[in-house]
Structures are given as structure tokens and as C-alpha cells.
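Undergrad: What follows is target-v1.cif; its format and atoms are mmCIF, C-alpha atoms.
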```cif
data_my_file
loop_
_atom_site.label_atom_id
_atom_site.label_comp_id
_atom_site.auth_asym_id
_atom_site.auth_seq_id
_atom_site.Cartn_x
_atom_site.Cartn_y
_atom_site.Cartn_z
CA MET A 176 -10.02 31.15 -88.39
CA THR A 177 -11.79 34.45 -88.35
CA SER A 178 -15.36 34.61 -87.19
CA THR A 179 -17.98 37.32 -87.05
CA THR A 180 -20.06 35.31 -84.59
CA ALA A 181 -21.02 37.30 -81.52
CA ARG A 182 -20.64 35.57 -78.15
CA ASN A 183 -21.54 36.38 -74.59
CA LEU A 184 -18.28 35.67 -72.77
CA LEU A 185 -20.06 35.44 -69.42
CA ASP A 186 -22.18 32.53 -70.68
CA THR A 187 -19.27 30.19 -69.99
CA GLN A 188 -21.32 26.99 -70.16
CA SER A 189 -21.86 27.53 -73.89
CA LEU A 190 -18.12 27.60 -74.67
CA PRO A 191 -15.88 24.60 -75.48
CA TRP A 192 -13.20 24.48 -72.75
CA MET A 193 -9.88 22.64 -72.62
CA HIS A 194 -8.78 21.76 -69.07
CA TYR A 195 -5.13 22.14 -68.07
CA VAL A 196 -4.28 20.36 -64.84
CA GLU A 197 -1.27 18.83 -63.10
CA GLY A 198 -1.19 15.95 -60.65
CA PRO A 199 -0.86 16.18 -56.86
CA ASP A 200 2.95 15.82 -57.05
CA TYR A 201 3.32 19.07 -59.02
CA ALA A 202 5.00 21.98 -57.18
CA TYR A 203 1.79 24.02 -56.99
CA PRO A 204 -1.92 23.41 -57.73
CA VAL A 205 -2.52 23.84 -61.50
CA SER A 206 -6.12 23.83 -62.72
CA TYR A 207 -7.30 26.25 -65.36
CA TRP A 208 -9.40 26.17 -68.52
CA GLY A 209 -9.01 27.83 -71.90
CA THR A 210 -11.03 28.41 -75.03
CA ILE A 211 -9.81 30.02 -78.24
CA LEU A 212 -12.33 32.59 -79.41
CA ASP A 213 -10.55 33.64 -82.60
CA ILE A 214 -7.21 33.48 -84.38
CA ASP A 215 -6.29 35.06 -87.67
CA SER A 216 -3.44 34.70 -90.16
CA SER A 217 -1.74 37.92 -89.01
CA GLY A 218 -1.20 36.52 -85.49
CA HIS A 219 -4.07 38.09 -83.56
CA VAL A 220 -5.46 35.67 -80.96
CA SER A 221 -8.48 36.10 -78.70
CA ALA A 222 -8.72 33.62 -75.84
CA LEU A 223 -10.74 33.25 -72.68
CA TYR A 224 -9.23 31.57 -69.63
CA ARG A 225 -10.77 30.66 -66.30
CA TRP A 226 -9.02 29.55 -63.14
CA ASP A 227 -10.43 27.23 -60.55
CA PRO A 228 -10.44 28.74 -57.03
CA ASN A 229 -6.92 29.24 -55.65
CA SER A 230 -5.36 27.35 -58.58
CA PHE A 231 -2.53 28.46 -60.83
CA CYS A 232 -1.75 28.34 -64.51
CA HIS A 233 1.76 27.24 -65.50
CA PHE A 234 4.71 29.58 -64.86
CA HIS A 235 5.33 31.24 -68.24
CA ARG A 236 6.86 33.97 -70.39
CA HIS A 237 4.95 35.87 -73.06
CA LEU A 238 6.81 36.05 -76.37
CA CYS A 239 4.31 38.51 -77.82
CA ALA A 240 2.34 41.55 -76.76
CA ALA A 241 -0.62 40.64 -74.55
CA THR A 242 -3.59 42.53 -73.19
CA SER A 243 -6.12 41.20 -70.72
CA VAL A 244 -9.31 42.17 -68.93
CA VAL A 245 -10.58 40.44 -65.79
CA LEU A 246 -14.29 39.68 -66.29
CA GLU A 247 -15.08 37.81 -63.06
CA GLY A 248 -13.35 36.88 -59.81
CA GLU A 249 -9.83 37.85 -58.83
CA LEU A 250 -6.59 37.16 -60.69
CA HIS A 251 -3.51 37.12 -58.49
CA VAL A 252 -0.42 37.91 -60.59
CA GLN A 253 3.22 37.50 -59.62
CA THR A 254 5.69 39.11 -62.04
CA PHE A 255 9.31 37.93 -62.12
CA GLU A 256 12.58 39.51 -63.26
CA SER A 257 15.88 37.63 -63.07
CA GLY A 258 14.16 34.85 -61.10
CA GLU A 259 12.85 37.17 -58.38
CA CYS A 260 9.25 38.18 -57.78
CA VAL A 261 9.18 41.96 -58.33
CA LEU A 262 5.43 42.52 -58.27
CA ASP A 263 2.60 40.65 -56.57
CA HIS A 264 -0.84 42.12 -57.12
CA VAL A 265 -4.53 41.28 -57.37
CA ARG A 266 -6.54 42.21 -60.45
CA LYS A 267 -10.33 42.53 -60.06
CA PRO A 268 -13.25 42.65 -62.52
CA GLY A 269 -12.76 45.44 -65.02
CA ASP A 270 -8.98 45.62 -64.51
CA TYR A 271 -7.10 45.94 -67.80
CA ALA A 272 -3.43 45.13 -68.35
CA LYS A 273 -1.13 45.43 -71.36
CA LYS A 274 2.20 43.65 -71.24
CA PRO A 275 5.11 43.69 -73.69
CA PRO A 276 6.85 40.57 -74.99
CA GLY A 277 9.17 39.04 -72.39
CA ASP A 278 6.82 39.37 -69.41
CA VAL A 279 7.45 36.45 -67.00
CA HIS A 280 4.72 35.65 -64.48
CA MET A 281 2.38 33.27 -62.73
CA GLU A 282 -1.35 33.77 -62.38
CA GLN A 283 -3.65 32.32 -59.74
CA GLY A 284 -7.40 32.40 -59.40
CA GLY A 285 -8.73 34.01 -56.25
CA PRO A 286 -11.06 32.36 -53.72
CA GLU A 287 -13.85 32.19 -56.33
CA GLY A 288 -11.55 31.65 -59.32
CA ALA A 289 -11.20 34.08 -62.23
CA LEU A 290 -12.42 34.62 -65.79
CA VAL A 291 -10.08 36.64 -68.03
CA LEU A 292 -10.15 37.72 -71.68
CA PHE A 293 -6.74 37.77 -73.41
CA GLU A 294 -5.80 39.42 -76.70
CA LEU A 295 -2.40 38.42 -78.07
CA PHE A 296 -0.52 39.65 -81.13
CA ALA A 297 2.16 37.29 -82.39
CA PRO A 298 3.02 38.08 -86.03
CA ASP A 299 5.83 35.48 -85.89
CA GLY A 300 3.50 32.85 -84.38
CA GLN A 301 5.38 32.66 -81.05
CA LEU A 302 3.01 33.08 -78.08
CA THR A 303 4.38 31.81 -74.74
CA GLN A 304 7.01 29.62 -73.13
CA GLN A 305 6.13 27.39 -70.21
CA LEU A 306 8.97 27.58 -67.67
CA ASP A 307 10.25 25.45 -64.84
CA SER A 308 10.91 27.02 -61.42
CA ALA A 309 14.45 28.00 -62.52
CA GLY A 310 13.15 29.77 -65.62
CA ASN A 311 14.21 27.10 -68.11
CA VAL A 312 11.95 26.62 -71.12
CA LEU A 313 9.85 23.45 -70.97
CA ARG A 314 7.79 24.11 -74.11
CA THR A 315 6.83 26.89 -76.49
CA LEU A 316 3.22 27.58 -77.49
CA THR A 317 2.65 28.83 -81.04
CA THR A 318 -0.30 29.90 -83.14
CA SER A 319 0.03 26.54 -84.93
CA ASP A 320 -0.54 24.82 -81.58
CA LEU A 321 -3.67 26.93 -81.13
CA GLU A 322 -4.97 25.91 -84.54
CA LYS A 323 -4.70 22.29 -83.36
CA ALA A 324 -6.47 23.23 -80.11
CA ILE A 325 -9.29 24.80 -82.10
CA ALA A 326 -9.74 21.53 -83.98
CA LYS A 327 -9.99 19.70 -80.62
CA GLN A 328 -12.48 22.30 -79.36
CA ARG A 329 -14.65 21.68 -82.39
CA GLN A 330 -14.52 17.90 -81.85
CA TYR A 331 -15.44 18.34 -78.19
CA ALA A 332 -18.28 20.74 -79.01
CA ALA A 333 -19.65 18.33 -81.64
CA ALA A 334 -19.65 15.36 -79.23
#
```
Is it possible to express this structure as C-alpha cells?

TA:
Amino acid sequence: MTSTTARNLLDTQSLPWMHYVEGPDYAYPVSYWGTILDIDSSGHVSALYRWDPNSFCHFHRHLCAATSVVLEGELHVQTFESGECVLDHVRKPGDYAKKPPGDVHMEQGGPEGALVLFELFAPDGQLTQQLDSAGNVLRTLTTSDLEKAIAKQRQYAAA
């Protein structure tokens, strides 16, 4: 899917969101939303994610290069190496980050949540791996999975 449609990314109510949430027995509060803005056959993906206040996304590893820009709120990021947190920092609106493949981290919305634009480049189709607390792979997200998510987004938007 490649689109030339212009969008205002701050008009979040006009976008079709998928909610990712875990139950109360999960190790940490997970509640975040994602929408795929664009994906092309060469592996470029544009996605917008928003975090509910003080909630996390799943612990994960990027398998591809990723850049991001915080648009609203605060994004608290914990980066891990060999199972240890080596960097804990807060990204604010306008903050830009570029990470190589292999980056392992957790992200958490600040007190008012966060809105973040991500640009990924995965020529082999491999995007991220969701990890358990020990760093074991629970599932791998691919560009094919995103194509399926786009189909769901379209169904939701049409309803």
C-alpha cells in the first residue's frame, strides 16, 4: 500500500486505531494504540502509536532500523543490553531518535500519554520481536502482519 494522501497526524480522532492491551494479571500495565499510515513493497513502514497515560507497550526488540519523533506527551524509554537496563530516559515533543536493528527496549507513556511517529525499514519483512521478561521471543511482527492489520483498519474505518 502506498498512498499520496496527506494527513494531519495530530487529528488523531480521524485515524483508525487498533488497541493493544493486556489484562490486570499482566506484569505491567499495557495499553497503547497503533495505526499504519503507509507500507510499501520495499519494506518502508510509517506508523503512528499512542500510549495511554503511564501505560507501556510490550517489551520488544527491533529487527530493522527505526526512527521516531515524539509529537505529543512524554515517552519514557528503557533500553536493555544483556537483560540489564542501560539507559532510562524521557523523550519530549520534537525529540527524534534513530535506532539500529537489535535495539531492545520498553516504552511507557508519560502522565498525559504520548503520540509518536515511527518510520521503519525492513527490506526482509522482519520488524520486531515481542519478548518476555527474560528476553525470550514470544512472537515476531512482520510486514505481512501489518498488511493484515491494514485490512482490519479499513474494516473498522468502514463500520

Undergrad: Using only C-alpha atoms - which residues lie no farther than 8 Å from the point (-2.3, 24.8, -65.9) in the file's frame? Write them as a list in words.

TA: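 Here is the list of nearby residues: His194, Tyr195, Val196, Glu197, Val205, Ser206, Tyr207, Trp208, Phe231, Cys232 and His233 of chain A.
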
Undergrad: If we count all atoms listed in the file, what is near stretch 259-269 of chain A at a cut-off of 9 Å, once residues fewer than 2 positions away on the same chain are taken out, given as an NGL selection string?

TA: :A and (244-257 or 271-272 or 280 or 285 or 289-291)

Undergrad: Could you list the residues chosen by the PyMOL selection byres ((chain A and resi 240) around 12) in this structure as JSON, numbers by chain?

TA: {"A": [218, 219, 220, 236, 237, 238, 239, 241, 242, 243, 272, 273, 274, 275, 276, 277, 278, 293, 294, 295, 296, 297, 298, 299, 300, 301, 302, 303]}

Undergrad: Find the axis-aligned box for stretch 224-236 of chain A, covering all its listed atoms and adding 8 Å on each side, and write its centre and edge lengths in Å to one decimal as AutoDock Vina command-line options.

TA:
```
--center_x -2.0 --center_y 30.6 --center_z -63.0 --size_x 33.6 --size_y 22.7 --size_z 30.7
```

Undergrad: What does the distance between atom CA of A:Thr318 and atom CA of A:Ile214 come to in Å, to one decimal place?

TA: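 It comes out at 7.9 Å.
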
Undergrad: Restricting the calculation to all atoms listed in the file: of A:Ser230, A:Gln283, A:Asn183, A:Gln330, which residue gets closest to A:Leu212?

TA: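 Once distances to A:Leu212 are computed over all atoms listed in the file, the minimum belongs to A:Asn183.
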
Undergrad: To one decimal place, how far is atom CA of A:Val312 from atom CA of A:Pro199 in Å?

TA: 21.8 Å

Undergrad: So, counting only C-alpha atoms, which residue among A:Leu313, A:Ala333, A:Ala324, A:Met281 is closest to A:Tyr203?

TA: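 So, comparing all the options, the nearest one is A:Met281.
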
Undergrad: Please return stretch 257-277 of chain A, rebuilt to N, CA and C atoms, as a compact mmCIF listing (two decimals), in the frame of the given file.

TA:
```
# COMPACT_ATOMS: atom_id res chain seq x y z
N SER A 257 14.64 38.30 -63.51
CA SER A 257 15.88 37.63 -63.07
C SER A 257 15.61 36.62 -61.97
N GLY A 258 14.49 35.90 -62.05
CA GLY A 258 14.16 34.85 -61.10
C GLY A 258 13.57 35.32 -59.80
N GLU A 259 13.41 36.62 -59.62
CA GLU A 259 12.85 37.17 -58.38
C GLU A 259 11.48 37.78 -58.63
N CYS A 260 10.56 37.57 -57.69
CA CYS A 260 9.25 38.18 -57.78
C CYS A 260 9.40 39.68 -57.49
N VAL A 261 9.04 40.52 -58.47
CA VAL A 261 9.18 41.96 -58.33
C VAL A 261 7.83 42.66 -58.15
N LEU A 262 6.76 41.93 -58.42
CA LEU A 262 5.43 42.52 -58.27
C LEU A 262 4.43 41.42 -57.98
N ASP A 263 3.64 41.61 -56.96
CA ASP A 263 2.60 40.65 -56.57
C ASP A 263 1.33 41.47 -56.35
N HIS A 264 0.36 41.30 -57.24
CA HIS A 264 -0.84 42.12 -57.12
C HIS A 264 -2.09 41.33 -57.50
N VAL A 265 -3.23 41.89 -57.11
CA VAL A 265 -4.53 41.28 -57.37
C VAL A 265 -5.28 42.16 -58.37
N ARG A 266 -5.73 41.51 -59.45
CA ARG A 266 -6.54 42.21 -60.45
C ARG A 266 -8.00 41.79 -60.26
N LYS A 267 -8.89 42.76 -60.32
CA LYS A 267 -10.33 42.53 -60.06
C LYS A 267 -11.14 42.80 -61.32
N PRO A 268 -12.43 42.43 -61.32
CA PRO A 268 -13.25 42.65 -62.52
C PRO A 268 -13.14 44.08 -63.05
N GLY A 269 -12.93 44.16 -64.36
CA GLY A 269 -12.76 45.44 -65.02
C GLY A 269 -11.31 45.86 -65.16
N ASP A 270 -10.40 45.24 -64.41
CA ASP A 270 -8.98 45.62 -64.51
C ASP A 270 -8.42 45.19 -65.86
N TYR A 271 -7.70 46.11 -66.48
CA TYR A 271 -7.10 45.94 -67.80
C TYR A 271 -5.59 45.98 -67.64
N ALA A 272 -4.89 45.12 -68.38
CA ALA A 272 -3.43 45.13 -68.35
C ALA A 272 -2.90 44.93 -69.77
N LYS A 273 -1.82 45.61 -70.08
CA LYS A 273 -1.13 45.43 -71.36
C LYS A 273 0.33 45.18 -71.04
N LYS A 274 0.84 44.06 -71.54
CA LYS A 274 2.20 43.65 -71.24
C LYS A 274 3.00 43.47 -72.53
N PRO A 275 4.27 43.86 -72.51
CA PRO A 275 5.11 43.69 -73.69
C PRO A 275 5.64 42.25 -73.78
N PRO A 276 6.19 41.88 -74.91
CA PRO A 276 6.85 40.57 -74.99
C PRO A 276 7.93 40.48 -73.91
N GLY A 277 8.14 39.27 -73.40
CA GLY A 277 9.17 39.04 -72.39
C GLY A 277 8.66 39.02 -70.97
```
